[in-house]
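Below is the file work00.tsv, which contains TSV, C-alpha atoms.
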```
chain	number	residue	atom	x	y	z
U	206	MET	CA	97.69	113.66	30.13
U	207	THR	CA	96.71	115.81	33.07
U	208	ALA	CA	93.69	118.01	33.31
U	209	PRO	CA	94.27	121.69	32.55
U	210	ILE	CA	94.63	124.01	35.48
U	211	PRO	CA	91.67	126.37	35.68
U	212	ARG	CA	92.54	130.05	35.44
U	213	ASP	CA	89.78	131.36	37.69
U	214	ILE	CA	90.82	129.86	41.04
U	215	PRO	CA	88.81	131.53	43.80
U	216	ASP	CA	90.71	133.43	46.42
U	217	LEU	CA	91.04	131.49	49.67
U	218	PRO	CA	90.89	133.28	53.01
U	219	PRO	CA	94.30	133.67	54.61
U	220	ILE	CA	95.19	131.41	57.51
U	221	PRO	CA	95.27	133.55	60.66
U	222	GLY	CA	98.69	132.94	62.17
U	223	HIS	CA	100.49	129.69	62.63
U	224	VAL	CA	98.24	127.09	64.21
U	225	VAL	CA	100.07	124.62	66.43
U	226	LEU	CA	98.11	121.64	67.56
U	227	PRO	CA	98.71	120.65	71.19
U	228	PRO	CA	100.62	117.43	71.63
U	229	THR	CA	98.53	114.46	72.60
U	230	VAL	CA	99.72	111.57	74.71
U	231	VAL	CA	98.05	108.25	74.06
U	232	PRO	CA	98.44	105.81	76.93
U	233	ALA	CA	99.99	102.48	76.10
U	234	ARG	CA	96.97	100.58	77.40
U	235	ALA	CA	94.83	102.30	74.74
U	236	VAL	CA	97.04	100.91	71.96
U	237	LEU	CA	98.36	97.60	73.24
U	238	ILE	CA	95.91	94.74	73.54
U	239	PRO	CA	96.60	92.61	76.64
U	240	ALA	CA	97.20	88.97	75.98
U	241	ARG	CA	95.44	86.09	77.65
U	242	ARG	CA	97.65	84.69	80.45
U	243	ARG	CA	96.06	81.55	81.78
U	244	LEU	CA	99.03	80.38	83.84
U	245	VAL	CA	99.16	83.72	85.62
U	246	ALA	CA	95.42	83.54	86.22
U	247	ALA	CA	95.79	80.05	87.69
U	248	TYR	CA	98.61	81.18	89.98
U	249	ARG	CA	96.65	84.16	91.24
U	250	GLY	CA	93.63	81.98	91.80
U	251	ALA	CA	95.83	79.66	93.88
U	252	ILE	CA	96.98	82.64	95.96
U	253	ALA	CA	93.38	83.64	96.58
U	254	LEU	CA	92.51	80.07	97.56
U	255	LEU	CA	95.49	79.94	99.92
U	256	ALA	CA	94.52	83.19	101.65
U	257	LEU	CA	90.89	82.13	101.97
U	258	THR	CA	92.00	78.78	103.36
U	259	GLY	CA	93.98	80.45	106.12
U	260	ALA	CA	91.08	82.77	106.95
U	261	THR	CA	88.60	79.87	106.92
U	262	ILE	CA	90.73	77.78	109.29
U	263	THR	CA	90.91	80.78	111.59
U	264	LEU	CA	87.13	81.21	111.63
U	265	LEU	CA	86.30	77.51	112.03
U	266	THR	CA	88.70	76.81	114.88
U	267	ALA	CA	88.24	80.07	116.78
U	268	ASP	CA	87.06	79.91	120.37
U	269	GLY	CA	84.24	82.44	120.52
U	270	PRO	CA	82.29	84.50	118.03
U	271	PRO	CA	83.66	84.86	114.50
U	272	THR	CA	83.92	88.62	114.97
U	273	THR	CA	87.06	88.12	117.07
U	274	PRO	CA	89.23	86.51	114.36
U	275	LEU	CA	87.71	88.80	111.75
U	276	SER	CA	88.92	91.74	113.82
U	277	HIS	CA	92.57	90.82	113.27
U	278	PHE	CA	94.50	92.84	110.72
U	279	THR	CA	96.08	89.68	109.32
U	280	VAL	CA	92.73	88.08	108.50
U	281	GLN	CA	91.32	91.27	107.01
U	282	SER	CA	94.37	91.84	104.82
U	283	GLY	CA	94.30	88.19	103.72
U	284	ILE	CA	90.65	88.46	102.65
U	285	LEU	CA	91.39	91.72	100.82
U	286	LEU	CA	94.30	90.10	98.98
U	287	ALA	CA	92.10	87.15	98.02
U	288	LEU	CA	89.52	89.46	96.46
U	289	VAL	CA	92.19	91.41	94.58
U	290	MET	CA	93.82	88.20	93.36
U	291	LEU	CA	90.49	86.83	92.12
U	292	ALA	CA	89.84	90.04	90.18
U	293	SER	CA	93.40	89.99	88.81
U	294	ALA	CA	93.02	86.34	87.80
U	295	ARG	CA	89.85	87.19	85.91
U	296	CYS	CA	91.64	90.02	84.08
U	297	ALA	CA	94.52	87.74	83.12
U	298	TRP	CA	92.22	84.91	82.02
U	299	SER	CA	89.94	87.07	79.87
U	300	ALA	CA	92.72	89.31	78.46
U	301	HIS	CA	91.43	92.45	80.17
U	302	HIS	CA	93.59	95.32	81.28
U	303	PRO	CA	95.20	94.69	84.68
U	304	LEU	CA	93.95	96.26	87.88
U	305	PRO	CA	95.38	99.64	88.91
U	306	GLY	CA	98.78	99.43	90.51
U	307	ALA	CA	97.59	101.43	93.50
U	308	LEU	CA	95.08	98.68	94.38
U	309	THR	CA	97.34	95.67	93.83
U	310	GLY	CA	100.22	97.44	95.55
U	311	ALA	CA	98.05	98.21	98.58
U	312	ALA	CA	96.94	94.58	98.90
U	313	LEU	CA	100.56	93.42	98.68
U	314	PHE	CA	101.66	96.07	101.19
U	315	TYR	CA	99.09	95.00	103.80
U	316	VAL	CA	99.87	91.27	103.74
U	317	VAL	CA	103.63	91.90	103.76
U	318	ALA	CA	103.24	94.35	106.65
U	319	ALA	CA	101.17	91.83	108.63
U	320	GLY	CA	103.78	89.14	108.06
U	321	LEU	CA	106.67	91.40	109.07
U	322	VAL	CA	104.89	92.57	112.23
U	323	HIS	CA	104.28	88.95	113.18
U	324	HIS	CA	107.86	87.80	112.56
U	325	LEU	CA	109.91	90.83	113.59
U	326	LEU	CA	108.17	92.53	116.50
U	327	PRO	CA	108.99	90.96	119.89
U	328	GLU	CA	105.38	91.39	120.95
U	329	GLY	CA	103.84	91.36	117.51
U	330	ALA	CA	102.99	87.69	117.32
U	331	SER	CA	99.57	87.24	118.83
U	332	PRO	CA	97.52	84.04	118.46
U	333	LEU	CA	94.59	84.62	116.15
U	334	PHE	CA	92.44	82.23	118.16
U	335	THR	CA	92.58	79.92	121.14
U	336	THR	CA	90.92	76.57	121.50
U	337	SER	CA	91.04	73.69	123.94
U	338	ASP	CA	90.58	71.07	121.23
U	339	ALA	CA	93.45	68.61	120.86
U	340	ALA	CA	93.72	69.29	117.14
U	341	GLY	CA	93.65	73.01	117.75
U	342	PRO	CA	97.40	73.74	117.95
U	343	SER	CA	98.14	72.01	114.63
U	344	TRP	CA	95.38	73.93	112.85
U	345	GLN	CA	96.50	77.14	114.56
U	346	ALA	CA	100.07	76.59	113.39
U	347	ALA	CA	98.88	75.87	109.84
U	348	ALA	CA	96.75	79.03	109.71
U	349	THR	CA	99.56	81.11	111.22
U	350	HIS	CA	102.11	79.94	108.64
U	351	ILE	CA	99.63	80.35	105.78
U	352	LEU	CA	98.59	83.92	106.63
U	353	HIS	CA	101.91	85.25	107.92
U	354	THR	CA	104.42	83.47	105.68
U	355	ALA	CA	103.01	81.62	102.66
U	356	VAL	CA	100.53	84.28	101.52
U	357	PRO	CA	102.98	87.25	101.69
U	358	LEU	CA	105.68	85.28	99.86
U	359	ALA	CA	103.27	84.10	97.16
U	360	ALA	CA	101.92	87.63	96.66
U	361	ALA	CA	105.46	89.05	96.47
U	362	LEU	CA	106.42	86.47	93.83
U	363	ASP	CA	103.35	87.35	91.78
U	364	TRP	CA	104.30	91.03	91.97
U	365	LEU	CA	107.90	90.37	90.95
U	366	LEU	CA	107.29	87.83	88.20
U	367	PHE	CA	103.90	88.59	86.67
U	368	SER	CA	103.31	92.35	86.98
U	369	ALA	CA	104.79	95.19	84.98
U	370	PRO	CA	107.11	97.54	86.91
U	371	GLY	CA	106.71	101.26	87.34
U	372	HIS	CA	103.04	101.29	88.36
U	373	LEU	CA	103.63	102.26	92.01
U	374	HIS	CA	104.27	105.87	92.95
U	375	LEU	CA	105.46	107.62	96.08
U	376	ARG	CA	102.24	109.63	96.37
U	377	GLN	CA	100.37	106.37	96.98
U	378	ALA	CA	102.31	105.55	100.16
U	379	PRO	CA	100.43	107.98	102.47
U	380	ALA	CA	97.09	106.71	101.14
U	381	TRP	CA	98.09	103.13	101.94
U	382	LEU	CA	98.60	104.12	105.59
U	383	LEU	CA	94.98	105.24	105.97
U	384	TYR	CA	93.78	101.68	106.50
U	385	PRO	CA	96.34	100.87	109.27
U	386	LEU	CA	95.44	104.19	110.90
U	387	ALA	CA	91.74	103.36	110.78
U	388	TYR	CA	92.53	99.90	112.15
U	389	LEU	CA	94.39	101.47	115.07
U	390	ALA	CA	91.33	103.56	115.93
U	391	PHE	CA	89.12	100.48	115.59
U	392	ALA	CA	91.35	98.33	117.82
U	393	LEU	CA	91.53	100.95	120.58
U	394	THR	CA	87.80	101.65	120.43
U	395	ARG	CA	87.01	97.94	120.52
U	396	GLY	CA	89.26	97.43	123.53
U	397	ALA	CA	87.72	100.37	125.36
U	398	LEU	CA	84.19	99.07	124.80
U	399	LEU	CA	84.89	95.49	125.91
U	400	PRO	CA	84.78	94.81	129.66
U	401	SER	CA	88.08	94.70	131.51
U	402	GLY	CA	89.63	91.25	131.70
U	403	SER	CA	87.79	89.87	128.66
U	404	GLN	CA	89.66	87.53	126.37
U	405	ASP	CA	91.29	89.12	123.31
U	406	ARG	CA	90.30	92.58	124.48
U	407	TYR	CA	93.34	94.00	122.69
U	408	LEU	CA	94.18	92.02	119.59
U	409	TYR	CA	97.94	92.65	119.57
U	410	PRO	CA	100.25	92.93	122.60
U	411	PHE	CA	101.83	96.21	121.49
U	412	LEU	CA	98.31	97.72	121.43
U	413	ASP	CA	97.45	96.56	124.96
U	414	VAL	CA	96.41	99.69	126.84
U	415	ASP	CA	96.18	97.81	130.15
U	416	GLN	CA	99.85	96.90	129.88
U	417	HIS	CA	101.38	99.97	128.21
U	418	GLY	CA	98.84	102.74	128.76
U	419	TYR	CA	97.59	105.00	126.00
U	420	LYS	CA	100.85	106.92	125.88
U	421	GLY	CA	102.88	103.76	125.38
U	422	VAL	CA	100.42	102.34	122.85
U	423	LEU	CA	100.46	105.53	120.80
U	424	GLY	CA	104.25	105.52	120.92
U	425	ASN	CA	104.31	101.92	119.68
U	426	ALA	CA	101.81	102.78	116.97
U	427	LEU	CA	103.95	105.73	115.85
U	428	LEU	CA	107.03	103.54	115.52
U	429	VAL	CA	105.10	100.88	113.63
U	430	GLY	CA	103.58	103.57	111.38
U	431	LEU	CA	107.01	104.96	110.52
U	432	ALA	CA	108.24	101.45	109.75
U	433	LEU	CA	105.20	100.84	107.53
U	434	TYR	CA	105.81	104.07	105.64
U	435	ALA	CA	109.43	103.03	105.10
U	436	LEU	CA	108.16	99.68	103.81
U	437	ALA	CA	105.81	101.44	101.39
U	438	VAL	CA	108.63	103.65	100.11
U	439	LEU	CA	110.81	100.55	99.69
U	440	LEU	CA	108.11	98.83	97.63
U	441	VAL	CA	107.82	101.87	95.37
U	442	ALA	CA	111.61	102.05	94.95
U	443	LEU	CA	111.83	98.34	94.14
U	444	ASP	CA	108.97	98.67	91.66
U	445	HIS	CA	110.92	101.27	89.68
U	446	ALA	CA	114.27	99.48	89.99
U	447	ARG	CA	113.25	95.92	89.11
U	448	PRO	CA	113.44	94.73	85.49
U	449	SER	CA	110.33	94.08	83.49
U	450	PRO	CA	109.36	90.37	83.43
U	451	PHE	CA	107.79	90.86	80.00
U	452	ARG	CA	110.89	92.24	78.25
U	453	ARG	CA	112.48	89.74	75.93
U	454	PRO	CA	116.28	89.49	75.98
U	455	ARG	CA	118.01	90.80	72.90
```

Translate this structure into structure tokens?
Amino acid sequence: MTAPIPRDIPDLPPIPGHVVLPPTVVPARAVLIPARRRLVAAYRGAIALLALTGATITLLTADGPPTTPLSHFTVQSGILLALVMLASARCAWSAHHPLPGALTGAALFYVVAAGLVHHLLPEGASPLFTTSDAAGPSWQAAATHILHTAVPLAAALDWLLFSAPGHLHLRQAPAWLLYPLAYLAFALTRGALLPSGSQDRYLYPFLDVDQHGYKGVLGNALLVGLALYALAVLLVALDHARPSPFRRPR
């Protein structure tokens, strides 16, 4: 049996209009719990170790103060990638949410750009250091291949195989170019402050003001900047076109 319905139900105030609650969007990272990926963490740790190895060889075998090899874009981008890879390895090992795509994409963009400049530009390949030691050329060759070839390829494989697609956006491309622009200002200022005829006054041949003049250097920098922007756009396009490595086949 059910309880009798009372006859003296109090009057309820009318509902003013039709209330529509605004739609809410819950991000996937707030619902999905990331899994622990130890193999991915080990691979990213190996990439960081590889990049730091190349930078360390450069510093130890350099002829002169360590500030000279540290002033190269390749060494700086390699150290930046190593730091990002270590942080990404920690996230994968401890099942934390991955780093923002803007940060990991920027680190990948810089090492790939340094490798392409080294391999493709006729005057882009510049020795990171010079030494008169007999073992110097072999160590120089090892560091050159590590920083310009092995590290970019390893970082690209990590991006393709172990990161979710669709995290890069076209609006991030201009922000990525701020660092190369700041490096251009640094390289020209450094060359202007060093005395004329000093070794490694200009770190890259296409930035040599003594050879090309400021007009020629700025023209070279503009062409390189346009190529870098095209590379950034290509990375974004590939990020949205590539399949997800985490999607299971049906």

What does the distance from atom CA of Ala246 of chain U to atom CA of His374 of chain U come to in Å, to one decimal?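 Straight-line distance from atom CA of Ala246 of chain U to atom CA of His374 of chain U works out to 24.9 Å.
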
Between atom CA of Gly421 of chain U and atom CA of Ala390 of chain U lies a distance of 14.9 Å

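Put simply, atom CA of Leu352 of chain U is 7.4 Å away from atom CA of Val280 of chain U.
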
Taking into account all atoms listed in the file, which residue in the set U:Ala346, U:Ala361, U:Leu443, U:Leu265 is nearest to Arg249 of chain U?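 Closest to Arg249 of chain U, using all atoms listed in the file: U:Ala361.
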
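The residue set within 12 Å of Ala426 of chain U, counting only C-alpha atoms and dropping same-chain residues fewer than 3 places from it, reads Val322, Gly329, Leu382, Pro385, Leu386, Ala387, Tyr388, Leu389, Ala390, Ala392, Leu393, Tyr409, Pro410, Phe411, Leu412, Asp413, Val414, His417, Tyr419, Lys420, Gly421, Val422, Leu423, Val429, Gly430, Leu431, Ala432 and Leu433 of chain U.
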
Got a sec: who's within 9 Å of Phe278 of chain U, counting only C-alpha atoms, leaving out chain neighbours fewer than 5 positions off, as a list in words?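 So, after excluding close chain neighbours, the residues are Gly283, Tyr315, Val316, Ala319, Pro385, Tyr388 and Leu408 of chain U.
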
Spatial neighbours of Ile351 of chain U, 12 Å, all atoms listed in the file, chain gap at least 3 places, as an mmCIF file with C-alpha atoms, in the frame of the given file:
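The result, written out as selection-v1.cif:
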```cif
data_model
loop_
_atom_site.group_PDB
_atom_site.id
_atom_site.type_symbol
_atom_site.label_atom_id
_atom_site.label_comp_id
_atom_site.auth_asym_id
_atom_site.auth_seq_id
_atom_site.Cartn_x
_atom_site.Cartn_y
_atom_site.Cartn_z
ATOM 1 C CA ILE U 252 96.980 82.640 95.960
ATOM 2 C CA ALA U 253 93.380 83.640 96.580
ATOM 3 C CA LEU U 254 92.510 80.070 97.560
ATOM 4 C CA LEU U 255 95.490 79.940 99.920
ATOM 5 C CA ALA U 256 94.520 83.190 101.650
ATOM 6 C CA LEU U 257 90.890 82.130 101.970
ATOM 7 C CA THR U 258 92.000 78.780 103.360
ATOM 8 C CA GLY U 259 93.980 80.450 106.120
ATOM 9 C CA ALA U 260 91.080 82.770 106.950
ATOM 10 C CA THR U 261 88.600 79.870 106.920
ATOM 11 C CA ILE U 262 90.730 77.780 109.290
ATOM 12 C CA THR U 263 90.910 80.780 111.590
ATOM 13 C CA THR U 279 96.080 89.680 109.320
ATOM 14 C CA VAL U 280 92.730 88.080 108.500
ATOM 15 C CA GLY U 283 94.300 88.190 103.720
ATOM 16 C CA VAL U 316 99.870 91.270 103.740
ATOM 17 C CA ALA U 319 101.170 91.830 108.630
ATOM 18 C CA GLY U 320 103.780 89.140 108.060
ATOM 19 C CA TRP U 344 95.380 73.930 112.850
ATOM 20 C CA GLN U 345 96.500 77.140 114.560
ATOM 21 C CA ALA U 346 100.070 76.590 113.390
ATOM 22 C CA ALA U 347 98.880 75.870 109.840
ATOM 23 C CA ALA U 348 96.750 79.030 109.710
ATOM 24 C CA THR U 354 104.420 83.470 105.680
ATOM 25 C CA ALA U 355 103.010 81.620 102.660
ATOM 26 C CA VAL U 356 100.530 84.280 101.520
ATOM 27 C CA PRO U 357 102.980 87.250 101.690
ATOM 28 C CA LEU U 358 105.680 85.280 99.860
ATOM 29 C CA ALA U 359 103.270 84.100 97.160
ATOM 30 C CA ALA U 360 101.920 87.630 96.660
#
```

Closest of U:Ser299, U:Ser343, U:Ser293, U:Thr394 to Thr266 of chain U, counting only C-alpha atoms, is U:Ser343

Determine, counting all atoms listed in the file, which protein, DNA and RNA residues have an atom within 10 Å of an atom of Asp444 of chain U; residues of the same chain fewer than 6 positions away are not included. Present the result as a list in words.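 Everything that qualifies: Gly310, Trp364, Leu365, Ser368, Ala369, Pro370, Gly371, His372, Leu373, His374 and Val438 of chain U.
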